[in-house]
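> My structure is stored as start-v2.csv, with CSV, C-alpha atoms.
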chain,number,residue,atom,x,y,z
A,1,LEU,CA,-11.6,-12.5,-24.4
A,2,VAL,CA,-8.2,-11.0,-24.8
A,3,PRO,CA,-8.3,-9.1,-28.1
A,4,ALA,CA,-5.2,-8.8,-30.3
A,5,ARG,CA,-3.7,-5.4,-30.8
A,6,GLU,CA,-4.7,-4.2,-34.2
A,7,ALA,CA,-4.6,-0.8,-35.7
A,8,SER,CA,-8.1,-1.1,-37.1
A,9,GLY,CA,-9.7,-0.8,-33.7
A,10,ASN,CA,-12.1,-3.7,-34.4
A,11,ALA,CA,-10.2,-6.3,-32.3
A,12,GLU,CA,-12.3,-5.6,-29.2
A,13,ARG,CA,-15.6,-6.4,-30.8
A,14,PRO,CA,-15.4,-10.3,-30.4
A,15,ALA,CA,-14.4,-9.8,-26.8
A,16,LEU,CA,-17.3,-7.5,-26.0
A,17,ALA,CA,-19.7,-9.9,-27.8
A,18,LEU,CA,-18.4,-12.8,-25.8
A,19,LEU,CA,-18.6,-10.8,-22.5
A,20,ALA,CA,-22.3,-10.1,-23.3
A,21,GLN,CA,-22.9,-13.8,-23.7
A,22,MET,CA,-21.1,-14.6,-20.4
A,23,HIS,CA,-23.1,-11.9,-18.6
A,24,GLU,CA,-26.3,-13.5,-19.8
A,25,GLY,CA,-25.1,-17.0,-18.8
A,26,LEU,CA,-23.9,-15.8,-15.3
A,27,ALA,CA,-27.2,-14.0,-14.8
A,28,ALA,CA,-29.2,-17.2,-15.6
A,29,LEU,CA,-27.0,-19.2,-13.2
A,30,ALA,CA,-27.4,-16.5,-10.5
A,31,ALA,CA,-31.2,-16.5,-10.9
A,32,ALA,CA,-31.4,-20.3,-10.6
A,33,ALA,CA,-29.2,-20.2,-7.5
A,34,ALA,CA,-31.3,-17.4,-5.9
A,35,ALA,CA,-34.4,-19.5,-6.4
A,36,ARG,CA,-32.8,-22.4,-4.6
A,37,CYS,CA,-31.7,-20.1,-1.7
A,38,THR,CA,-35.4,-19.4,-0.9
A,39,GLU,CA,-36.2,-23.1,-0.8
A,40,ALA,CA,-35.8,-25.4,2.2
A,41,PRO,CA,-32.6,-27.3,1.7
A,42,THR,CA,-33.0,-30.9,0.7
A,43,ALA,CA,-30.8,-33.8,1.6
A,44,ALA,CA,-29.1,-33.4,-1.8
A,45,ALA,CA,-28.5,-29.7,-1.3
A,46,GLU,CA,-26.9,-30.3,2.1
A,47,SER,CA,-24.2,-32.6,0.7
A,48,LEU,CA,-24.1,-32.9,-3.0
A,49,HIS,CA,-20.9,-34.8,-3.3
A,50,GLN,CA,-22.0,-37.3,-0.7
A,51,VAL,CA,-25.2,-38.0,-2.6
A,52,ILE,CA,-23.3,-38.7,-5.8
A,53,VAL,CA,-20.7,-40.8,-4.0
A,54,GLU,CA,-23.5,-43.0,-2.4
A,55,ALA,CA,-25.2,-43.3,-5.8
A,56,GLU,CA,-22.1,-44.4,-7.6
A,57,ALA,CA,-21.3,-46.9,-4.8
A,58,GLU,CA,-24.8,-48.3,-5.2
A,59,ALA,CA,-24.4,-48.6,-8.9
A,60,GLU,CA,-21.1,-50.4,-8.6
A,61,ALA,CA,-22.7,-52.8,-6.1
A,62,GLU,CA,-25.5,-53.5,-8.5
A,63,ALA,CA,-23.0,-54.1,-11.3
A,64,ALA,CA,-21.2,-56.6,-9.1
A,65,GLY,CA,-24.4,-58.5,-8.5
A,66,SER,CA,-25.2,-57.3,-5.0
A,67,ALA,CA,-28.8,-57.0,-4.1
A,68,LYS,CA,-30.2,-53.5,-3.6
A,69,VAL,CA,-31.9,-52.9,-0.3
A,70,ASP,CA,-35.2,-51.0,-0.6
A,71,GLY,CA,-35.2,-47.7,1.1
A,72,GLU,CA,-31.5,-47.2,1.3
A,73,GLY,CA,-29.3,-44.8,-0.6
A,74,PRO,CA,-30.3,-41.7,-2.4
A,75,GLY,CA,-33.2,-41.7,-4.8
A,76,GLU,CA,-32.9,-40.9,-8.5
A,77,GLY,CA,-34.5,-37.4,-8.0
A,78,ALA,CA,-31.9,-36.5,-5.3
A,79,VAL,CA,-29.0,-37.7,-7.5
A,80,ALA,CA,-30.3,-35.7,-10.5
A,81,GLU,CA,-30.7,-32.6,-8.4
A,82,ALA,CA,-27.2,-33.0,-7.0
A,83,ARG,CA,-25.6,-33.4,-10.4
A,84,GLN,CA,-27.5,-30.4,-11.8
A,85,ARG,CA,-26.4,-28.2,-8.9
A,86,LEU,CA,-22.8,-29.3,-9.2
A,87,ALA,CA,-22.8,-28.7,-12.9
A,88,ALA,CA,-24.2,-25.2,-12.4
A,89,GLU,CA,-21.7,-24.4,-9.7
A,90,ARG,CA,-18.8,-25.6,-11.8
A,91,ALA,CA,-19.9,-23.5,-14.7
A,92,MET,CA,-20.1,-20.4,-12.5
A,93,PHE,CA,-16.7,-21.1,-11.1
A,94,ALA,CA,-15.1,-21.6,-14.5
A,95,THR,CA,-16.7,-18.4,-15.9
A,96,LEU,CA,-15.5,-16.3,-13.0
A,97,GLY,CA,-12.0,-17.7,-13.3
A,98,GLN,CA,-11.8,-16.9,-17.0
A,99,LEU,CA,-13.1,-13.4,-16.4
A,100,ARG,CA,-10.5,-12.8,-13.7
A,101,VAL,CA,-7.6,-13.9,-15.9
A,102,ALA,CA,-8.9,-11.9,-18.9
A,103,ALA,CA,-9.3,-8.7,-16.7
A,104,ALA,CA,-5.7,-9.0,-15.7
A,105,GLU,CA,-4.5,-9.3,-19.3
A,106,SER,CA,-6.8,-6.9,-21.2
A,107,SER,CA,-7.8,-3.3,-20.5
A,108,VAL,CA,-10.8,-3.7,-22.8
A,109,VAL,CA,-12.2,-6.5,-20.7
A,110,LEU,CA,-11.3,-4.6,-17.5
A,111,GLY,CA,-13.1,-1.5,-18.7
A,112,ALA,CA,-16.2,-3.5,-19.7
A,113,LEU,CA,-16.4,-5.3,-16.4
A,114,ALA,CA,-16.5,-2.0,-14.6
A,115,ALA,CA,-19.9,-1.2,-16.1
A,116,ASP,CA,-22.9,-1.0,-13.7
A,117,SER,CA,-24.5,-4.1,-15.1
A,118,TRP,CA,-21.5,-6.2,-14.4
A,119,CYS,CA,-20.9,-4.7,-10.9
A,120,ASP,CA,-24.5,-5.4,-10.0
A,121,LEU,CA,-24.3,-9.0,-11.2
A,122,LEU,CA,-21.0,-9.8,-9.4
A,123,LEU,CA,-22.2,-8.2,-6.2
A,124,GLY,CA,-25.5,-10.1,-6.4
A,125,LEU,CA,-23.6,-13.4,-6.9
A,126,LEU,CA,-22.1,-13.0,-3.4
A,127,HIS,CA,-25.5,-13.8,-1.9
A,128,VAL,CA,-26.3,-16.9,-3.9
A,129,ALA,CA,-23.0,-18.5,-5.1
A,130,SER,CA,-20.9,-21.1,-3.3
A,131,PRO,CA,-18.1,-19.8,-1.1
A,132,ARG,CA,-15.4,-20.6,-3.7
A,133,CYS,CA,-17.4,-18.7,-6.4
A,134,ALA,CA,-18.1,-15.8,-4.0
A,135,ARG,CA,-14.3,-15.7,-3.3
A,136,LEU,CA,-13.6,-15.4,-7.1
A,137,ALA,CA,-16.3,-12.8,-7.5
A,138,LEU,CA,-14.7,-10.7,-4.7
A,139,LEU,CA,-11.2,-11.0,-6.3
A,140,LEU,CA,-12.6,-10.0,-9.6
A,141,LEU,CA,-14.3,-7.0,-8.1
A,142,GLY,CA,-11.0,-6.0,-6.6
A,143,ARG,CA,-9.8,-5.3,-10.1
A,144,THR,CA,-12.9,-3.7,-11.5
A,145,LEU,CA,-14.3,-1.5,-8.6
A,146,PRO,CA,-11.2,0.9,-8.5
A,147,ASN,CA,-12.6,2.2,-11.9
A,148,CYS,CA,-16.0,3.1,-10.2
A,149,ALA,CA,-17.0,5.9,-8.0
A,150,PRO,CA,-17.4,4.9,-4.3
A,151,GLY,CA,-20.9,6.4,-3.9
A,152,ALA,CA,-22.2,4.6,-7.0
A,153,VAL,CA,-21.5,1.1,-5.8
A,154,THR,CA,-24.3,-0.6,-3.7
A,155,VAL,CA,-25.2,-4.1,-2.8
A,156,ARG,CA,-28.7,-5.5,-3.0
A,157,VAL,CA,-30.2,-7.0,0.1
A,158,PRO,CA,-32.1,-10.2,-0.7
A,159,GLY,CA,-35.7,-10.3,0.5
A,160,LYS,CA,-35.8,-6.6,1.6
A,161,GLY,CA,-35.7,-4.8,-1.7
A,162,ASP,CA,-33.3,-2.1,-0.5
A,163,ARG,CA,-29.5,-1.6,-1.2
A,164,ARG,CA,-26.6,-1.0,1.1
A,165,PRO,CA,-23.3,0.9,0.4
A,166,LEU,CA,-20.5,-1.4,-0.4
A,167,ILE,CA,-18.0,-0.4,2.4
A,168,PRO,CA,-20.4,-1.0,5.4
A,169,PHE,CA,-21.6,-4.2,3.8
A,170,VAL,CA,-18.1,-5.8,3.3
A,171,LEU,CA,-17.0,-4.6,6.8
A,172,GLU,CA,-20.0,-6.4,8.3
A,173,LEU,CA,-19.3,-9.5,6.3
A,174,ILE,CA,-15.7,-9.6,7.6
A,175,GLY,CA,-16.5,-8.7,11.2
A,176,ALA,CA,-19.5,-11.1,11.5
A,177,GLU,CA,-17.5,-14.1,10.2
A,178,VAL,CA,-14.4,-13.4,12.3
A,179,ALA,CA,-16.1,-12.4,15.6
A,180,GLU,CA,-19.3,-14.5,15.6
A,181,GLY,CA,-19.2,-17.0,12.7
A,182,ARG,CA,-22.4,-15.3,11.5
A,183,HIS,CA,-23.1,-15.3,7.8
A,184,VAL,CA,-24.1,-12.0,6.2
A,185,LEU,CA,-24.5,-13.6,2.8
A,186,ALA,CA,-27.9,-15.1,2.1
A,187,ILE,CA,-26.6,-18.5,1.1
A,188,GLY,CA,-25.2,-18.9,4.6
A,189,GLY,CA,-28.8,-19.3,5.9
A,190,SER,CA,-29.8,-22.0,3.4
A,191,CYS,CA,-26.7,-24.1,2.7
A,192,TRP,CA,-24.3,-25.3,5.4
A,193,ARG,CA,-20.5,-25.0,4.8
A,194,THR,CA,-17.6,-25.5,7.1
A,195,ALA,CA,-15.8,-22.6,8.7
A,196,ALA,CA,-12.8,-23.3,6.5
A,197,ALA,CA,-14.9,-22.7,3.4
A,198,TRP,CA,-16.0,-19.3,4.6
A,199,GLN,CA,-12.4,-18.3,5.5
A,200,GLY,CA,-11.7,-17.9,1.8
A,201,VAL,CA,-14.6,-15.5,1.5
A,202,VAL,CA,-13.2,-13.4,4.4
A,203,ASP,CA,-9.7,-13.4,2.9
A,204,ALA,CA,-11.1,-12.2,-0.5
A,205,SER,CA,-13.2,-9.5,1.3
A,206,VAL,CA,-10.2,-8.1,3.1
A,207,ALA,CA,-8.2,-8.2,-0.1
A,208,LEU,CA,-11.0,-6.3,-1.9
A,209,LEU,CA,-11.0,-3.4,0.6
A,210,ARG,CA,-7.2,-3.3,0.6
A,211,ARG,CA,-7.2,-3.0,-3.2
A,212,LEU,CA,-9.7,-0.2,-2.9
A,213,ILE,CA,-7.4,1.6,-0.4
A,214,LEU,CA,-4.7,1.5,-3.1
A,215,ALA,CA,-7.0,3.2,-5.5
A,216,GLU,CA,-6.9,7.0,-5.2
A,217,THR,CA,-10.7,7.4,-5.9
A,218,TRP,CA,-11.6,5.2,-2.9
A,219,ARG,CA,-8.7,5.8,-0.5
A,220,GLU,CA,-9.9,8.8,1.6
A,221,THR,CA,-13.5,7.5,1.8
A,222,LEU,CA,-12.4,4.0,2.9
A,223,LEU,CA,-9.7,5.1,5.3
A,224,ALA,CA,-12.2,7.5,7.0
A,225,ALA,CA,-14.7,4.6,7.4
A,226,LEU,CA,-12.0,2.3,8.9
A,227,VAL,CA,-10.6,5.0,11.3
A,228,GLY,CA,-14.2,5.9,12.4
A,229,ALA,CA,-14.9,2.2,13.1
A,230,VAL,CA,-11.8,1.9,15.2
A,231,GLN,CA,-12.5,5.1,17.2
A,232,ALA,CA,-16.1,4.0,18.0
A,233,ALA,CA,-15.2,0.8,19.8
A,234,PRO,CA,-13.4,2.2,22.9
A,235,LYS,CA,-16.3,4.6,23.7
A,236,VAL,CA,-18.8,1.7,23.6
A,237,LEU,CA,-16.7,-0.6,25.7
A,238,ARG,CA,-16.2,2.1,28.4
A,239,GLN,CA,-19.8,3.4,28.5
A,240,GLY,CA,-21.6,0.1,29.2
A,241,ALA,CA,-23.8,0.4,26.1
A,242,PRO,CA,-26.5,-2.2,25.4
A,243,PRO,CA,-25.2,-5.6,24.2
A,244,SER,CA,-26.5,-5.2,20.7
A,245,THR,CA,-24.7,-1.9,20.3
A,246,VAL,CA,-21.5,-3.3,21.7
A,247,ARG,CA,-21.8,-6.3,19.3
A,248,ASP,CA,-22.4,-4.1,16.2
A,249,VAL,CA,-19.6,-1.6,17.0
A,250,GLY,CA,-17.2,-4.4,18.0
A,251,VAL,CA,-17.8,-6.3,14.7
A,252,GLY,CA,-17.1,-3.1,12.7
A,253,ALA,CA,-13.9,-2.4,14.7
A,254,ILE,CA,-12.7,-6.0,14.3
A,255,ALA,CA,-13.2,-5.8,10.5
A,256,ALA,CA,-11.4,-2.4,10.3
A,257,PHE,CA,-8.4,-3.8,12.2
A,258,CYS,CA,-8.4,-6.8,9.8
A,259,VAL,CA,-8.2,-4.6,6.8
A,260,LEU,CA,-5.5,-2.4,8.3
A,261,GLY,CA,-3.2,-5.4,8.9
A,262,GLY,CA,-4.6,-7.5,11.7
A,263,HIS,CA,-6.1,-10.3,9.5
A,264,LEU,CA,-5.0,-13.9,9.8
A,265,TRP,CA,-4.8,-15.2,6.2
A,266,SER,CA,-5.8,-18.7,5.5
A,267,SER,CA,-4.2,-21.5,3.3
A,268,CYS,CA,-7.2,-22.0,1.0
A,269,PRO,CA,-6.5,-23.0,-2.6
A,270,GLY,CA,-4.9,-20.1,-4.5
A,271,ALA,CA,-3.3,-18.6,-1.4
A,272,ARG,CA,0.2,-17.3,-1.7
A,273,VAL,CA,2.5,-18.9,1.0
A,274,SER,CA,6.1,-19.3,2.1
A,275,VAL,CA,7.4,-22.7,3.0
A,276,LEU,CA,9.7,-22.5,6.1
A,277,ASP,CA,12.5,-24.7,4.8
A,278,SER,CA,16.1,-23.7,4.7
A,279,PRO,CA,16.2,-21.7,2.5
A,280,GLU,CA,12.6,-20.5,2.6
A,281,TRP,CA,10.7,-20.7,-0.7
A,282,PRO,CA,7.5,-19.3,-2.1
A,283,GLY,CA,4.6,-21.0,-3.7
A,284,THR,CA,0.8,-21.2,-4.3
A,285,VAL,CA,-1.6,-23.6,-2.5
A,286,VAL,CA,-3.1,-26.1,-5.0
A,287,ALA,CA,-5.1,-28.2,-2.6
A,288,GLY,CA,-6.0,-28.0,1.0
A,289,SER,CA,-8.0,-25.8,3.4
A,290,ALA,CA,-7.6,-23.5,6.4
A,291,ASP,CA,-7.8,-26.5,8.8
A,292,ALA,CA,-5.8,-29.1,6.7
A,293,THR,CA,-2.8,-30.7,8.3
A,294,THR,CA,-1.0,-31.0,4.9
A,295,LEU,CA,-1.1,-28.9,1.8
A,296,LEU,CA,-0.2,-29.3,-1.9
A,297,ILE,CA,1.9,-26.4,-2.9
A,298,ALA,CA,3.1,-25.4,-6.4
A,299,ALA,CA,6.6,-24.0,-6.0
A,300,ASP,CA,7.5,-20.7,-7.9
A,301,GLY,CA,9.8,-21.4,-10.8
A,302,SER,CA,13.3,-22.5,-9.7
A,303,ALA,CA,12.9,-21.1,-6.1
A,304,THR,CA,12.2,-24.5,-4.7
A,305,ALA,CA,13.4,-26.5,-1.8
A,306,PRO,CA,16.3,-28.9,-2.6
A,307,GLY,CA,15.0,-31.9,-4.4
A,308,ALA,CA,11.4,-30.5,-4.5
A,309,THR,CA,9.2,-31.4,-7.4
A,310,GLU,CA,6.8,-29.0,-9.2
A,311,VAL,CA,4.0,-29.7,-6.7
A,312,VAL,CA,5.0,-30.5,-3.2
A,313,GLN,CA,3.1,-31.9,-0.2
A,314,VAL,CA,4.0,-29.8,2.9
A,315,ALA,CA,2.9,-30.0,6.5
A,316,SER,CA,0.7,-26.9,7.3
A,317,SER,CA,2.9,-26.2,10.3
A,318,ARG,CA,5.8,-25.3,7.9
A,319,VAL,CA,3.7,-22.9,5.9
A,320,ARG,CA,3.3,-19.2,6.5
A,321,CYS,CA,0.5,-17.4,4.6
A,322,ARG,CA,1.3,-14.2,2.8
A,323,PRO,CA,-1.1,-11.2,2.6
A,324,GLN,CA,-3.0,-11.3,-0.7
A,325,VAL,CA,-2.7,-7.5,-0.9
A,326,LYS,CA,0.0,-5.5,0.9
A,327,LEU,CA,-0.6,-1.9,2.1
A,328,PRO,CA,2.4,0.5,1.9
A,329,PRO,CA,3.1,1.9,5.4
A,330,ALA,CA,3.1,5.4,3.9
A,331,LEU,CA,-0.7,5.2,3.4
A,332,LEU,CA,-1.3,4.3,7.0
A,333,LEU,CA,1.2,6.6,8.8
A,334,PRO,CA,-1.1,9.7,8.7
A,335,HIS,CA,-3.7,7.7,10.7
A,336,LEU,CA,-1.3,6.1,13.2
A,337,SER,CA,-2.2,8.4,16.0
A,338,ALA,CA,-5.9,7.6,15.6
A,339,LEU,CA,-5.1,3.9,15.6
A,340,LEU,CA,-3.0,4.2,18.8
A,341,ASP,CA,-5.7,6.3,20.5
A,342,GLY,CA,-8.2,3.6,19.7
A,343,TYR,CA,-6.1,0.8,20.8
A,344,ALA,CA,-5.3,2.0,24.4
A,345,PRO,CA,-8.8,1.8,25.8
A,346,ILE,CA,-9.4,-1.6,24.0
A,347,ALA,CA,-6.4,-3.1,25.8
A,348,ALA,CA,-7.6,-1.8,29.1
A,349,ALA,CA,-11.1,-3.3,28.6
A,350,ALA,CA,-9.9,-6.9,28.8
A,351,ASP,CA,-11.5,-7.3,32.2
A,352,ALA,CA,-14.8,-5.6,31.2
A,353,PRO,CA,-18.2,-7.4,30.8
A,354,HIS,CA,-17.4,-7.8,27.2
A,355,ALA,CA,-13.9,-9.2,27.8
A,356,SER,CA,-14.0,-11.8,25.0
A,357,LEU,CA,-14.9,-9.2,22.4
A,358,ALA,CA,-12.2,-6.8,23.8
A,359,LEU,CA,-9.6,-9.6,23.7
A,360,LEU,CA,-10.4,-10.3,20.0
A,361,LEU,CA,-10.3,-6.6,19.3
A,362,ARG,CA,-6.9,-6.4,21.1
A,363,SER,CA,-5.3,-9.2,19.1
A,364,ARG,CA,-6.5,-7.8,15.8
A,365,ALA,CA,-5.4,-4.3,16.8
A,366,LEU,CA,-1.9,-5.5,17.6
A,367,GLY,CA,-1.7,-7.2,14.3
A,368,SER,CA,-2.8,-4.1,12.5
A,369,LEU,CA,0.1,-2.2,14.2
A,370,SER,CA,2.7,-4.7,13.2
A,371,TRP,CA,3.7,-2.9,10.0
Would you mind giving the structure from this file in structure tokens?


Amino acid sequence: LVPAREASGNAERPALALLAQMHEGLAALAAAAAARCTEAPTAAAESLHQVIVEAEAEAEAEAAGSAKVDGEGPGEGAVAEARQRLAAERAMFATLGQLRVAAAESSVVLGALAADSWCDLLLGLLHVASPRCARLALLLLGRTLPNCAPGAVTVRVPGKGDRRPLIPFVLELIGAEVAEGRHVLAIGGSCWRTAAAWQGVVDASVALLRRLILAETWRETLLAALVGAVQAAPKVLRQGAPPSTVRDVGVGAIAAFCVLGGHLWSSCPGARVSVLDSPEWPGTVVAGSADATTLLIAADGSATAPGATEVVQVASSRVRCRPQVKLPPALLLPHLSALLDGYAPIAAAADAPHASLALLLRSRALGSLSW
């Protein structure tokens, strides 16, 4: 995927040919996953790993001479379905990981992935992929979309046939998860996952919009949308609007404050963290989740705690998560007065009928002003 630098100019051809094959393979995996999203989830779909664990335990018991009890344990069809889905999910995850690394190392790959066909495929994956694959797709889009025009990027809405602009879609994804635990992605309605699994998707969504703010082509459009969402919330809270309106506007404002600096980053695998030892040292989460009590952390180079090995098990209480993408204060200073004007009425609305929403808005607004 990463072509060698050759004067002949032909070095990029193998990479582009391989990218075409990977596009075809990902599209096939996405189509199969989309078909499964429209089906009623089976027992195997609800807990693939558990089905396989039970089947393997049953096989070990049979090998040891234990009698099989009729009607217990997963059937052969459920196990086969579970293995097939796990294999497809792992293939999708591996492909997205390879593409992300290649895009970081090769301008040829990065330029090819900015094509409309790739953007449409990666955005479509969000609705049908597992949370960890959706997270990788969002991180990859954070590298490719700065090369696209803001008005040209839309997201297909499954089952409705229409498309939505990217910025409102991602803002709703962030706000709905943070404020309500509501899933905007189609897979959320057909396959249960823990809140910790969705936290990685929210982190990647915030990181995506922050990367787009850093891109000159997207900056003004995106900042205008964020400031507009912040300014709309106080008016709705004061005027006693219908609950549905308050919810929609509040969700948008919460998402905007998250992007502007009020997001609470999680310790999902791949997250950058600081371990609060003496001295403090940086690393990357290798294994764990947002609600885990301990994490496996790979220390950066020689900047490790005294006596630490390459991979260290650390109590989550000693870990501070770092922003995946930092925004320079200079980009936000021109909009500071608008953010302050929006915050004051939100803080005063803590005793209003929508107090819980106002308090969540207030906490995220304070975080967004911490820079």

> As an exercise, work out the distance from atom CA of Ser130 of chain A to atom CA of Arg210 of chain A in Å and give it to one decimal place.

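Interatomic distance, atom CA of Ser130 of chain A to atom CA of Arg210 of chain A: 22.8 Å.
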
> One number please: atom CA of Ala134 of chain A to atom CA of Gly367 of chain A, in Å, one decimal.

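Atom CA of Gly367 of chain A lies 26.0 Å from atom CA of Ala134 of chain A.
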
> Taking into account only C-alpha atoms, which residue in the set A:Leu145, A:Cys268, A:Val128, A:Leu361 is nearest to Ala233 of chain A?

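Closest residue, counting only C-alpha atoms: A:Leu361.
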
> In Å, how far is it from atom CA of Ala87 of chain A to atom CA of Ala27 of chain A?

15.5 Å

> Give me the residues within 12 Å of Asp248 of chain A as a PDB file with C-alpha atoms, keeping the file's coordinate frame, counting only C-alpha atoms and dropping any in the same chain fewer than 2 places off.


ATOM      1  CA  PRO A 168     -20.400  -1.000   5.400  1.00  0.00           C
ATOM      2  CA  LEU A 171     -17.000  -4.600   6.800  1.00  0.00           C
ATOM      3  CA  GLU A 172     -20.000  -6.400   8.300  1.00  0.00           C
ATOM      4  CA  LEU A 173     -19.300  -9.500   6.300  1.00  0.00           C
ATOM      5  CA  GLY A 175     -16.500  -8.700  11.200  1.00  0.00           C
ATOM      6  CA  ALA A 176     -19.500 -11.100  11.500  1.00  0.00           C
ATOM      7  CA  ALA A 179     -16.100 -12.400  15.600  1.00  0.00           C
ATOM      8  CA  GLU A 180     -19.300 -14.500  15.600  1.00  0.00           C
ATOM      9  CA  ALA A 229     -14.900   2.200  13.100  1.00  0.00           C
ATOM     10  CA  ALA A 232     -16.100   4.000  18.000  1.00  0.00           C
ATOM     11  CA  ALA A 233     -15.200   0.800  19.800  1.00  0.00           C
ATOM     12  CA  VAL A 236     -18.800   1.700  23.600  1.00  0.00           C
ATOM     13  CA  LEU A 237     -16.700  -0.600  25.700  1.00  0.00           C
ATOM     14  CA  ALA A 241     -23.800   0.400  26.100  1.00  0.00           C
ATOM     15  CA  PRO A 242     -26.500  -2.200  25.400  1.00  0.00           C
ATOM     16  CA  PRO A 243     -25.200  -5.600  24.200  1.00  0.00           C
ATOM     17  CA  SER A 244     -26.500  -5.200  20.700  1.00  0.00           C
ATOM     18  CA  THR A 245     -24.700  -1.900  20.300  1.00  0.00           C
ATOM     19  CA  VAL A 246     -21.500  -3.300  21.700  1.00  0.00           C
ATOM     20  CA  GLY A 250     -17.200  -4.400  18.000  1.00  0.00           C
ATOM     21  CA  VAL A 251     -17.800  -6.300  14.700  1.00  0.00           C
ATOM     22  CA  GLY A 252     -17.100  -3.100  12.700  1.00  0.00           C
ATOM     23  CA  ALA A 253     -13.900  -2.400  14.700  1.00  0.00           C
ATOM     24  CA  ILE A 254     -12.700  -6.000  14.300  1.00  0.00           C
ATOM     25  CA  ALA A 255     -13.200  -5.800  10.500  1.00  0.00           C
ATOM     26  CA  LEU A 357     -14.900  -9.200  22.400  1.00  0.00           C
TER      27      LEU A 357
END

> I'd like the neighbourhood of Leu369 of chain A as number ranges by chain, where a residue qualifies if any of its atoms comes within 8 Å (using only C-alpha atoms), though same-chain residues fewer than 2 positions away should be ignored.

A: 261-262, 365-367, 371

> Leaving out Pro282 of chain A and any residue of its chain fewer than 6 positions from it, which residues lie within 7 Å of it when counting all atoms listed in the file, given as an mmCIF file with C-alpha atoms, in the frame of the given file?


data_model
loop_
_atom_site.group_PDB
_atom_site.id
_atom_site.type_symbol
_atom_site.label_atom_id
_atom_site.label_comp_id
_atom_site.auth_asym_id
_atom_site.auth_seq_id
_atom_site.Cartn_x
_atom_site.Cartn_y
_atom_site.Cartn_z
ATOM 1 C CA VAL A 273 2.500 -18.900 1.000
ATOM 2 C CA SER A 274 6.100 -19.300 2.100
ATOM 3 C CA VAL A 275 7.400 -22.700 3.000
ATOM 4 C CA ALA A 299 6.600 -24.000 -6.000
ATOM 5 C CA ASP A 300 7.500 -20.700 -7.900
ATOM 6 C CA ALA A 303 12.900 -21.100 -6.100
#

> Using only C-alpha atoms, which residues sit within 9 Å of Thr217 of chain A once same-chain residues fewer than 3 positions away are excluded, as a ChimeraX atom specification?

/A:146-150,212-214,220-221

> Tell me which of A:Gln324, A:Ser363, A:Ser337, A:Gln313 sits closest to Arg272 of chain A, counting only C-alpha atoms.

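Going through A:Gln324, A:Ser363, A:Ser337, A:Gln313 one by one, the smallest distance to Arg272 of chain A is for A:Gln324.
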